[in-house]
Amino acid sequence: MSLLHVSHVTHGYSAFRLFRRAKRSNVLTDVSLSIEPGQCLGLLGTSGAGKSTLGKVILGLEKPQQGQVLFQGVDLYAAHASDRNKLRRDLQVVFQDCYSSVNPRMNAEQIIGEPLLNYEPLSKQEHIRRVEELLEIVGLHPEDRSKYPHQFSGGQLQRINIARAIALKPKMIVLDEAVSSLDMVTQSDILALLCDLKTNFGLSYLFITHDIKAAYHISDALAVMEQGKLAVYCADKEQFMGLQHPSVQKLVQSMLPEHPRLRSGRET
Ligand SMILES: Nc1ncnc2c1ncn2[C@@H]1O[C@H](COP(=O)(O)OP(=O)(O)OP(=O)(O)O)[C@@H](O)[C@H]1O
C-alpha cells in the first residue's frame with residue numbers, strides 16, 4: 001500500500017466578483033499520484049502550475065472539490081476528527097520562508113517543542129532532552145535552544161523548522177520550496193541533511209521546487225505539473241532525464257553549465 005495516494009483531485013479557488021456569482025477556475029485538474037514509504041517525489045513546474053495548492057490539498061489544508069487523498073490508506077477529508085489528528089502528526093510541512101514560519105517571540109526550544117506539547121507531553125527534563133537531541137540531529141548545538149529566531153541565520157532557522165517537522169517522528173514531510181531562498185552552499189548543506197534524515201528515519205518527502213538540480217539531488221521519482229495537470233510522472237529520476245517531453249527537455253537544458261566555455265566542453 002502506498003503511503004500517500006492522491007486520486008483524481010480537481011480543485012479551484014473561488015474568485016470574488018462583485019454583483020456576480022463567485023466563479024471557480026480550476027487550479028488542479030484530475031491529478032493522481034502516489035508516494036511510497038521512504039520515497040521522495042520531486043514535484044517540478046513553472047510558477048502558478050498548482051504545486052503548492054497540491055501540497056495544501058495533501059496536507060489536509062485545502063479540501064479538493066473532487067477526488068480523494070488517502071494517507072496510510074485513510075481518506076484525509078472523510079476521516080473522523082480524531083483519526084485526522086493522528087494522521088496530522090505523521091504528515092508535516094516545511095515552507096520556503098523560514099522567518100515567517102516561526103513566531104519571533106518564541107525561542108528555539110518553544111518552536112521545536114510545540115508539537116511535542118500538543119501531542120506528546122513529557123516531563124520538563126525529558127522535553128528539554130528531546131529538544132536538545134533534535135537540535136543535534138539537524139546540526140545545531142543543544143545550547144541553541146534558548147536563542148530566538150533573529151539570532152539565527154536563514155539556514156540555521158530552516159534547520160529549526162526541520163527539527164520541528166521531525167519532532168513527532170512523522171512518516172512524510174511536504175517540503176514546499178524549502179531550500180529555494182537559501183544561498184547555494186547552504187542549500188546543498190540542507191539538502192544533505194534532508195537526505196540523511198530520509199535515510200535514517202525512513203521519511204517520505206514531497207519536494208516541491210522550481211529547481212531541477214535540487215530535485216534531482218534529493219528525489220527518487222520526479223513529476224512535472226503544467227497548468228494544474230500532472231504532465232509528466234517518472235518513478236525513476238535517471239529515466240526522467242532522458243524523456244523527450246518538452247517540459248523535461250527544458251528542465252534538463254537548464255541544468256547545463258551556465259558558463260559558455262564549460263557548456264561547449266572546452267576547458268582551455
Ligand atoms: N488562496 C488562493 N486564492 C486564490 N487563488 C490562489 C490561491 N492560492 C493560489 N492561487 C492561484 O492558484 C494558482 C496556482 O498557485 P500555486 O501557488 O498552487 O502554484 P505554484 O505552482 O505553487 O506556483 P509557485 O511556484 O509560484 O509557488 C495560481 O494562479 C495562484 O494565483
# chains A, B, ... in the order shown; residues from 1 in each chain; ligands from 1

$ select_by_dssp --residues "segment 25-254 of chain A" --states "alpha helix (DSSP H)" --output "number ranges by chain"
A: 51-58, 81-89, 108-119, 124-137, 154-166, 184-201, 212-218, 237-241, 246-253

$ residues_near_ligand --ligand "ligand 1" --cutoff "10 Å" --atoms "only C-alpha atoms and all ligand atoms" --output "VMD selection string"
chain A and resid 11 to 16 24 to 28 43 to 57 62 96 176 to 177 208 to 210 224 to 228

$ residues_around --residues "Tyr99 of chain A" --least-positions-apart "3" --cutoff "10 Å" --atoms "only C-alpha atoms" --output "short mmCIF file (atom, residue, chain, number, x, y, z; two decimals) with N, CA and C atoms, in the first residue's frame"
data_model
loop_
_atom_site.label_atom_id
_atom_site.label_comp_id
_atom_site.auth_asym_id
_atom_site.auth_seq_id
_atom_site.Cartn_x
_atom_site.Cartn_y
_atom_site.Cartn_z
N PHE A 95 8.07 25.07 4.93
CA PHE A 95 7.83 26.04 3.87
C PHE A 95 9.13 26.77 3.50
N GLN A 96 9.03 27.54 2.42
CA GLN A 96 10.19 28.29 1.91
C GLN A 96 10.65 29.37 2.89
N VAL A 102 8.02 30.89 11.75
CA VAL A 102 8.19 30.81 13.21
C VAL A 102 7.67 32.08 13.87
N ASN A 103 7.30 31.94 15.13
CA ASN A 103 6.88 33.09 15.92
C ASN A 103 8.16 33.75 16.48
N PRO A 104 8.42 35.02 16.09
CA PRO A 104 9.67 35.66 16.52
C PRO A 104 9.80 35.80 18.03
N PRO A 149 14.59 33.50 16.98
CA PRO A 149 14.77 33.46 15.52
C PRO A 149 15.75 34.49 14.96
N HIS A 150 15.75 35.73 15.50
CA HIS A 150 16.62 36.75 14.92
C HIS A 150 18.10 36.47 15.19
N PHE A 152 19.46 33.57 14.58
CA PHE A 152 19.89 32.51 13.67
C PHE A 152 20.00 33.05 12.25
N SER A 153 20.86 32.40 11.44
CA SER A 153 20.91 32.71 10.01
C SER A 153 19.71 32.00 9.35
N GLY A 154 19.46 32.33 8.08
CA GLY A 154 18.35 31.69 7.36
C GLY A 154 18.50 30.18 7.33
N LEU A 157 17.86 28.74 10.75
CA LEU A 157 16.43 28.79 11.08
C LEU A 157 15.65 27.70 10.31
N GLN A 158 16.10 27.43 9.08
CA GLN A 158 15.43 26.35 8.35
C GLN A 158 15.72 25.01 9.03
N ASN A 161 13.19 24.76 11.67
CA ASN A 161 11.89 24.35 11.09
C ASN A 161 11.87 22.85 10.80
#

$ closest_residue --among "A:Leu134, A:Leu203, A:Val93, A:Val185" --to "Gly60 of chain A" --atoms "only C-alpha atoms"
A:Val93

$ residues_around --residues "Ser34 of chain A" --least-positions-apart "2" --cutoff "7 Å" --atoms "only C-alpha atoms" --output "ChimeraX atom specification"
/A:2,4-6,36

$ write_last_selection --atoms "N, CA and C atoms" --output "short mmCIF file (atom, residue, chain, number, x, y, z; two decimals), in the first residue's frame"
data_model
loop_
_atom_site.label_atom_id
_atom_site.label_comp_id
_atom_site.auth_asym_id
_atom_site.auth_seq_id
_atom_site.Cartn_x
_atom_site.Cartn_y
_atom_site.Cartn_z
N SER A 2 0.54 2.20 -0.88
CA SER A 2 1.29 3.47 -0.91
C SER A 2 1.07 4.23 0.39
N LEU A 4 1.04 7.54 0.47
CA LEU A 4 0.12 8.61 0.05
C LEU A 4 -0.43 8.25 -1.33
N HIS A 5 -1.73 8.38 -1.46
CA HIS A 5 -2.32 8.17 -2.78
C HIS A 5 -3.30 9.31 -3.07
N VAL A 6 -2.95 10.10 -4.06
CA VAL A 6 -3.83 11.20 -4.49
C VAL A 6 -4.56 10.71 -5.72
N GLU A 36 5.54 6.32 -2.08
CA GLU A 36 5.76 5.09 -1.31
C GLU A 36 6.52 5.42 -0.02
#

$ select_by_dssp --residues "segment 80-168 of chain A" --states "strand (DSSP E or B)" --output "PyMOL selection string"
chain A and resi 91-95

$ residues_around --residues "segment 116-121 of chain A" --least-positions-apart "3" --cutoff "10 Å" --atoms "only C-alpha atoms" --output "PDB file with N, CA and C atoms, in the first residue's frame"
ATOM      1  N   ASN A  85      -6.502  13.879  13.293  1.00  0.00           N
ATOM      2  CA  ASN A  85      -5.492  14.377  14.220  1.00  0.00           C
ATOM      3  C   ASN A  85      -4.282  13.452  14.279  1.00  0.00           C
ATOM      4  N   LYS A  86      -4.573  12.132  14.309  1.00  0.00           N
ATOM      5  CA  LYS A  86      -3.490  11.138  14.344  1.00  0.00           C
ATOM      6  C   LYS A  86      -2.690  11.199  13.051  1.00  0.00           C
ATOM      7  N   ARG A  89      -0.043  14.134  12.663  1.00  0.00           N
ATOM      8  CA  ARG A  89       1.282  14.074  13.273  1.00  0.00           C
ATOM      9  C   ARG A  89       2.265  13.316  12.382  1.00  0.00           C
ATOM     10  N   GLN A 110      10.930  26.530  22.391  1.00  0.00           N
ATOM     11  CA  GLN A 110       9.465  26.625  22.284  1.00  0.00           C
ATOM     12  C   GLN A 110       8.981  26.259  20.881  1.00  0.00           C
ATOM     13  N   ILE A 111       9.755  26.675  19.860  1.00  0.00           N
ATOM     14  CA  ILE A 111       9.356  26.387  18.476  1.00  0.00           C
ATOM     15  C   ILE A 111       9.394  24.882  18.219  1.00  0.00           C
ATOM     16  N   ILE A 112      10.534  24.272  18.550  1.00  0.00           N
ATOM     17  CA  ILE A 112      10.698  22.841  18.265  1.00  0.00           C
ATOM     18  C   ILE A 112       9.794  22.001  19.173  1.00  0.00           C
ATOM     19  N   GLY A 113       9.620  22.497  20.401  1.00  0.00           N
ATOM     20  CA  GLY A 113       8.860  21.724  21.390  1.00  0.00           C
ATOM     21  C   GLY A 113       7.352  21.835  21.255  1.00  0.00           C
ATOM     22  N   LYS A 124       9.383  18.038  32.162  1.00  0.00           N
ATOM     23  CA  LYS A 124      10.213  19.184  31.769  1.00  0.00           C
ATOM     24  C   LYS A 124      11.608  18.723  31.317  1.00  0.00           C
ATOM     25  N   GLU A 126      12.590  15.668  30.318  1.00  0.00           N
ATOM     26  CA  GLU A 126      12.539  14.865  29.088  1.00  0.00           C
ATOM     27  C   GLU A 126      12.305  15.767  27.874  1.00  0.00           C
ATOM     28  N   HIS A 127      11.452  16.771  28.071  1.00  0.00           N
ATOM     29  CA  HIS A 127      11.130  17.707  26.993  1.00  0.00           C
ATOM     30  C   HIS A 127      12.409  18.423  26.523  1.00  0.00           C
ATOM     31  N   ARG A 130      14.755  16.061  24.739  1.00  0.00           N
ATOM     32  CA  ARG A 130      14.276  15.747  23.381  1.00  0.00           C
ATOM     33  C   ARG A 130      14.563  16.920  22.427  1.00  0.00           C
ATOM     34  N   VAL A 131      14.330  18.143  22.903  1.00  0.00           N
ATOM     35  CA  VAL A 131      14.605  19.323  22.059  1.00  0.00           C
ATOM     36  C   VAL A 131      16.104  19.399  21.741  1.00  0.00           C
ATOM     37  N   ARG A 164      11.488  20.979  14.053  1.00  0.00           N
ATOM     38  CA  ARG A 164      10.072  20.975  14.476  1.00  0.00           C
ATOM     39  C   ARG A 164       9.274  19.956  13.653  1.00  0.00           C
ATOM     40  N   ALA A 167       9.922  16.427  14.895  1.00  0.00           N
ATOM     41  CA  ALA A 167       9.797  16.214  16.348  1.00  0.00           C
ATOM     42  C   ALA A 167       8.883  15.033  16.696  1.00  0.00           C
ATOM     43  N   LEU A 168       7.828  14.852  15.907  1.00  0.00           N
ATOM     44  CA  LEU A 168       6.862  13.789  16.219  1.00  0.00           C
ATOM     45  C   LEU A 168       7.130  12.510  15.428  1.00  0.00           C
TER      46      LEU A 168
END

$ residues_around --residues "Gln39 of chain A" --least-positions-apart "5" --cutoff "9 Å" --atoms "only C-alpha atoms" --output "PyMOL selection string"
chain A and resi 198+202-206+219-221
